[in-house]
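**Student:** Take a look at the following structure, please.
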Amino acid sequence: MRKIKQTIHRGKTNPILLLLATFAWISCAQAQVEFFSEDFTGPLDTGVWSQNGNANGHTGIDDGSYVMTAKHGEGGTKLVRFINGTAGSFRNEIEVDLEPFRLDANPGTQSDFKWKMFGPDGFMEIVLNSFGAMRLFHNDSDGGGGNIQPNTNIEIADGDRLKLFYEYDIATDKITVTYALNDDPEIPFYTGGGIDGPIGDIITNFVEVENFKWGSNQATEIITGIDSWNLVDPLVDPVDPSEPEPLVITEIDYDPVADTFRFTWNSEPGKIYGINWGFDLTTWDFDISDDIASQGTTTTYPALEEPAEPNPGATPDGPPKVIFFRVEEQPAP
C-alpha cells in the first residue's frame, strides 16, 4: 500500500462547507512532525491516546478537561500520545488546572506534575512539584542527563490555570520554554541547548503527561485537569482552542496494484459527509458518495472491513495522470 498522510493546522474556516485536501498522481510530501490539536471535549479518542500507568488514576474526560490523579505507592498515572514523522521544528503547548496540588502550603499534596517528550535522540520533561518549584530536565541518547534549568519557584497556587510551552527550532537546535499563569503573559523559563549541547529529535516517539505522588504522609491526592494540548508548527499562528477543528483529509491510502483508494478525515459525531472528485481544482461535478455517516472524531471511507474504493477516474487505458478529491460536510436535512 502507498500511504499519503497530510496534516493541516487549524485556521479560521467556514464550518459548513470546507475544501479539505487533495490527492494528485504526483509525489506528495509529508509534514515533518505529526501535529495535533486536542481540546478534550470528548469522548477520548483511544486510537491516538493511551491511558498508561496507574489505571485507577484515570478519571477521563469531564466538562471539557481530561482529569487524572495519583495515589502514593501505585506508580504514576500517564496520558500518552504517540507521534509520527521525522525531526522538525515544533511548538508544544498545554493548559492544565492543578487543584488540589499546592494546598497553599508546603509540601502540598507531595506530588509531581510532569510533562514529557520522547524521541530517538533522548527526552525532555518539565517537572513541577507541589512545593511550587519547576525544573527542566534533559536526557540525551549518549547518556547525558540532568537539569538544564534548576528548580524555580513559579508562584503557582491552587485554582491557577498553568500554561506551558516548548518551542524547538531545528535550524539552531535550541529550545525555548515559557509558562503563564491564568491570562498573564508568557514568562521566559529557559532558552538554549541540551544537557551536553545538542538536543536533536526529542518528539517523534511520544509525548506524555504524568501525575506522580511521592509522599505518603499527605492523604490529599493531586488532581490534574488537562484543558487543551496542541503540537503545532511554530510558523503557523497559535491555535485558539475555541475555534472548531477544520475539516482535513488526514490520510489517503492508495493501492497502485488494485488502483483503489481509502480516505480518512477528522470528523464530528453526528455529521454527514460527501466525497467529490475531479481532474482539476475548479470543477467538482463528480461524487463518490454524499451520504457518509460520521464514525466519531475520525471517519474512514470505505470502512476498513469493506473493499476499497475503485479509482473513479480510471479508463480502459488506465488511471488518470492527476486526480483530486475533497470532503464536504453535508447540510443538515
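Order determines the names: the first chain of the C-alpha cells is A, the second B, and so forth; residues in each chain are numbered 1 upward, and ligands are numbered 1 upward as they are shown.
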Counting only C-alpha atoms, what is within 8 Å of A:Gly122, bar same-chain residues fewer than 5 positions away, as JSON, numbers by chain?
**Tutor:** {"A": [138, 139, 140, 141, 199, 200, 201, 202]}
**Student:** Extract, using only C-alpha atoms, all DNA, RNA and protein residues at most 6 Å from A:Met117, discarding same-chain residues fewer than 2 positions from it, and format them as a PDB file with C-alpha atoms, in the first residue's frame.
**Tutor:**
ATOM      1  CA  PHE A 123      13.764  13.002  26.177  1.00  0.00           C
ATOM      2  CA  MET A 124      12.927  16.253  27.922  1.00  0.00           C
ATOM      3  CA  ILE A 202      13.032  14.551  21.213  1.00  0.00           C
ATOM      4  CA  ILE A 203       9.464  14.472  19.876  1.00  0.00           C
ATOM      5  CA  VAL A 207       4.503  12.856  24.393  1.00  0.00           C
TER       6      VAL A 207
END
**Student:** Can you list, as JSON, numbers by chain, every protein, DNA or RNA residue that comes within 8 Å of stretch 146-153 of chain A when you count only C-alpha atoms, leaving out same-chain residues fewer than 6 positions away?
**Tutor:** {"A": [132, 133, 134, 135, 136, 137, 138, 139, 189, 190, 194, 195]}
**Student:** How about saving the chosen residues, all heavy atoms kept, as a compact mmCIF listing (two decimals), in the first residue's frame?
**Tutor:**
# COMPACT_ATOMS: atom_id res chain seq x y z
N GLY A 132 5.72 24.05 44.53
CA GLY A 132 5.60 25.18 43.61
C GLY A 132 6.85 25.44 42.82
O GLY A 132 6.96 26.49 42.17
N ALA A 133 7.81 24.51 42.84
CA ALA A 133 9.08 24.68 42.13
C ALA A 133 9.06 23.86 40.84
O ALA A 133 8.64 22.70 40.83
CB ALA A 133 10.25 24.26 43.00
N MET A 134 9.55 24.46 39.77
CA MET A 134 9.55 23.82 38.45
C MET A 134 10.98 23.75 37.91
O MET A 134 11.77 24.68 38.09
CB MET A 134 8.66 24.61 37.48
CG MET A 134 8.41 23.93 36.16
SD MET A 134 7.06 24.72 35.22
CE MET A 134 7.88 26.19 34.61
N ARG A 135 11.30 22.62 37.24
CA ARG A 135 12.62 22.44 36.64
C ARG A 135 12.48 21.84 35.26
O ARG A 135 11.43 21.29 34.90
CB ARG A 135 13.50 21.53 37.51
CG ARG A 135 12.93 20.13 37.72
CD ARG A 135 13.75 19.33 38.73
NE ARG A 135 13.12 18.06 39.07
CZ ARG A 135 13.36 16.91 38.46
NH1 ARG A 135 14.23 16.87 37.44
NH2 ARG A 135 12.76 15.80 38.83
N LEU A 136 13.55 21.96 34.46
CA LEU A 136 13.59 21.39 33.12
C LEU A 136 14.72 20.37 33.06
O LEU A 136 15.87 20.70 33.34
CB LEU A 136 13.81 22.49 32.07
CG LEU A 136 13.86 22.04 30.61
CD1 LEU A 136 12.52 21.45 30.17
CD2 LEU A 136 14.26 23.21 29.71
N PHE A 137 14.37 19.13 32.71
CA PHE A 137 15.32 18.02 32.70
C PHE A 137 15.51 17.54 31.27
O PHE A 137 14.55 17.44 30.50
CB PHE A 137 14.80 16.88 33.57
CG PHE A 137 15.71 15.68 33.63
CD1 PHE A 137 16.69 15.59 34.61
CD2 PHE A 137 15.59 14.64 32.72
CE1 PHE A 137 17.53 14.48 34.67
CE2 PHE A 137 16.42 13.53 32.77
CZ PHE A 137 17.40 13.45 33.75
N HIS A 138 16.76 17.22 30.91
CA HIS A 138 17.05 16.67 29.58
C HIS A 138 17.95 15.45 29.72
O HIS A 138 18.92 15.47 30.48
CB HIS A 138 17.75 17.71 28.70
CG HIS A 138 18.13 17.20 27.35
ND1 HIS A 138 19.37 17.40 26.78
CD2 HIS A 138 17.42 16.47 26.43
CE1 HIS A 138 19.41 16.83 25.59
NE2 HIS A 138 18.24 16.26 25.36
N ASN A 139 17.58 14.39 29.01
CA ASN A 139 18.40 13.19 28.93
C ASN A 139 18.65 12.89 27.47
O ASN A 139 17.69 12.75 26.70
CB ASN A 139 17.69 12.02 29.62
CG ASN A 139 18.54 10.77 29.68
OD1 ASN A 139 18.77 10.12 28.67
ND2 ASN A 139 19.01 10.43 30.87
N PHE A 189 11.43 30.86 30.73
CA PHE A 189 11.93 29.90 31.72
C PHE A 189 13.30 29.36 31.32
O PHE A 189 14.18 29.22 32.16
CB PHE A 189 10.93 28.75 31.89
CG PHE A 189 11.24 27.83 33.03
CD1 PHE A 189 11.11 28.25 34.35
CD2 PHE A 189 11.67 26.53 32.80
CE1 PHE A 189 11.40 27.40 35.41
CE2 PHE A 189 11.96 25.67 33.85
CZ PHE A 189 11.82 26.10 35.17
N TYR A 190 13.47 29.05 30.03
CA TYR A 190 14.77 28.53 29.57
C TYR A 190 14.88 28.74 28.07
O TYR A 190 13.91 28.57 27.33
CB TYR A 190 14.89 27.04 29.87
CG TYR A 190 16.18 26.42 29.33
CD1 TYR A 190 17.37 26.56 30.03
CD2 TYR A 190 16.18 25.73 28.12
CE1 TYR A 190 18.55 26.01 29.53
CE2 TYR A 190 17.36 25.18 27.62
CZ TYR A 190 18.54 25.33 28.33
OH TYR A 190 19.71 24.80 27.84
N GLY A 194 20.87 21.40 24.85
CA GLY A 194 20.63 20.30 25.76
C GLY A 194 21.67 20.18 26.84
O GLY A 194 22.54 21.04 27.01
N ILE A 195 21.62 19.07 27.58
CA ILE A 195 22.49 18.87 28.73
C ILE A 195 23.97 18.87 28.33
O ILE A 195 24.82 19.36 29.06
CB ILE A 195 22.11 17.56 29.48
CG1 ILE A 195 22.91 17.42 30.76
CG2 ILE A 195 22.27 16.35 28.57
CD1 ILE A 195 22.59 18.44 31.81
**Student:** Rounded to one decimal in Å, what is the spacing between atom CA of A:Gly318 and atom CA of A:Thr283?
**Tutor:** 21.4 Å
**Student:** Atom CA of A:Thr77 and atom CA of A:Val209 are how many Å apart?
**Tutor:**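 A separation of 8.1 Å between them.
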**Student:** Can you tell me, as a PyMOL selection string, which residues in stretch 98-329 of chain A count as strand (DSSP E or B) by DSSP?
**Tutor:** chain A and resi 98+111-119+122-129+133-140+145-153+161-169+174-181+187-192+194+197+206-213+223-232+249-255+260-266+272-278+286-293+298-301+309-310+315+318+324-329
**Student:** A:Leu235, A:Ala314, A:Val248, A:Leu44: which is nearest A:Gly278, counting only C-alpha atoms?
**Tutor:**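 Result for the nearest residue to A:Gly278: A:Ala314.
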**Student:** Residues near A:Arg81, anyone? I mean within 10 Å using only C-alpha atoms, not counting same-chain ones fewer than 3 positions away, as a list in words.
**Tutor:**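 After dropping sequence-adjacent residues, the list is Phe36, Thr46, Gly47, Val48, Trp49, Ser50, Gln51, Lys78, Asn84, Met117, Asn205, Phe206, Val207, Glu208 and Val209 of chain A.
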**Student:** Hey, can you check how far atom CA of A:Val67 sits from atom CA of A:Ile175?
**Tutor:**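 These two atoms are separated by 28.4 Å.
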**Student:** Which is closest to A:Gly88 among A:Gly313, A:Gly159, A:Pro246, A:Pro234, if we use only C-alpha atoms?
**Tutor:**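 When distances to A:Gly88 are compared using only C-alpha atoms, the smallest one comes from A:Pro234.
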**Student:** Which residues, written as a CSV table (one decimal) with N, CA, C and O atoms, in the first residue's frame, have at least one atom at most 8 Å from A:Met68, with only C-alpha atoms counted and residues fewer than 3 positions away on the same chain left out?
**Tutor:**
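result-v3.csv, written as the output of this step:
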chain,number,residue,atom,x,y,z
A,57,GLY,N,-6.0,5.9,38.3
A,57,GLY,CA,-5.8,7.3,38.3
A,57,GLY,C,-6.4,8.0,37.2
A,57,GLY,O,-6.4,9.3,37.2
A,58,HIS,N,-7.0,7.3,36.2
A,58,HIS,CA,-7.6,8.0,35.0
A,58,HIS,C,-9.1,8.2,35.3
A,58,HIS,O,-9.9,7.2,35.2
A,59,THR,N,-9.5,9.4,35.6
A,59,THR,CA,-10.9,9.7,35.7
A,59,THR,C,-11.6,9.8,34.3
A,59,THR,O,-12.7,9.4,34.0
A,60,GLY,N,-10.8,10.4,33.3
A,60,GLY,CA,-11.3,10.6,32.0
A,60,GLY,C,-11.8,12.0,31.7
A,60,GLY,O,-11.6,12.9,32.5
A,77,THR,N,0.4,8.0,37.0
A,77,THR,CA,-0.7,8.0,36.1
A,77,THR,C,-0.3,8.8,34.8
A,77,THR,O,0.0,9.9,34.9
A,211,ASN,N,1.1,12.3,36.4
A,211,ASN,CA,0.9,12.6,37.8
A,211,ASN,C,1.7,11.6,38.7
A,211,ASN,O,1.5,10.4,38.4
A,223,ILE,N,-5.0,16.3,41.7
A,223,ILE,CA,-5.9,16.2,40.6
A,223,ILE,C,-5.5,17.2,39.5
A,223,ILE,O,-5.4,18.4,39.7
A,224,THR,N,-5.3,16.6,38.3
A,224,THR,CA,-4.9,17.4,37.1
A,224,THR,C,-6.0,17.4,36.1
A,224,THR,O,-6.5,16.3,35.8
A,225,GLY,N,-6.4,18.6,35.6
A,225,GLY,CA,-7.4,18.7,34.5
A,225,GLY,C,-6.7,19.3,33.3
A,225,GLY,O,-6.2,20.4,33.4
**Student:** Of the candidates A:Gln218, A:Thr178, A:Thr41, A:Thr69, which shows the shortest atom-to-atom distance to A:Ala105, using only C-alpha atoms?
**Tutor:**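 With only C-alpha atoms as the atom set, the closest residue is A:Gln218.
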**Student:** Excluding A:Gly270 and any residue of its chain fewer than 3 positions from it, enumerate the residues within 8 Å of it, using only C-alpha atoms, and give them as a PyMOL selection string.
**Tutor:** chain A and resi 293-294+296
**Student:** For A:Asp104, which residue among A:Ala157, A:Val322, A:Ala70, A:Ile275 is the nearest when counting only C-alpha atoms?
**Tutor:**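 Smallest distance to A:Asp104 is found for A:Ala157.
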**Student:** Measuring between only C-alpha atoms, which one of A:Asp173, A:Asp280, A:Asp259, A:Asp97 shows the shortest distance to A:Ile156?
**Tutor:** A:Asp97
**Student:** Which residue gives the smallest distance to A:Ile94 among A:Trp229, A:Phe212, A:Tyr166, A:Tyr66, with only C-alpha atoms counted?
**Tutor:**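 Under the stated criterion, the closest residue is A:Trp229.
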**Student:** Skipping near chain neighbours, those fewer than 5 positions away, what residues fall within 10 Å of A:Ala219 using only C-alpha atoms, listed as a PyMOL selection string?
**Tutor:** chain A and resi 71-72+109-110
**Student:** Write the residues of the preceding selection, restricted to C-alpha atoms, as a PDB file, in the first residue's frame.
**Tutor:**
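Generated output (again_3.pdb):
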ATOM      1  CA  LYS A  71      -2.023   7.726  44.750  1.00  0.00           C
ATOM      2  CA  HIS A  72       1.134   7.053  46.709  1.00  0.00           C
ATOM      3  CA  THR A 109      -0.034  17.134  48.014  1.00  0.00           C
ATOM      4  CA  GLN A 110       3.527  15.730  47.929  1.00  0.00           C
TER       5      GLN A 110
END
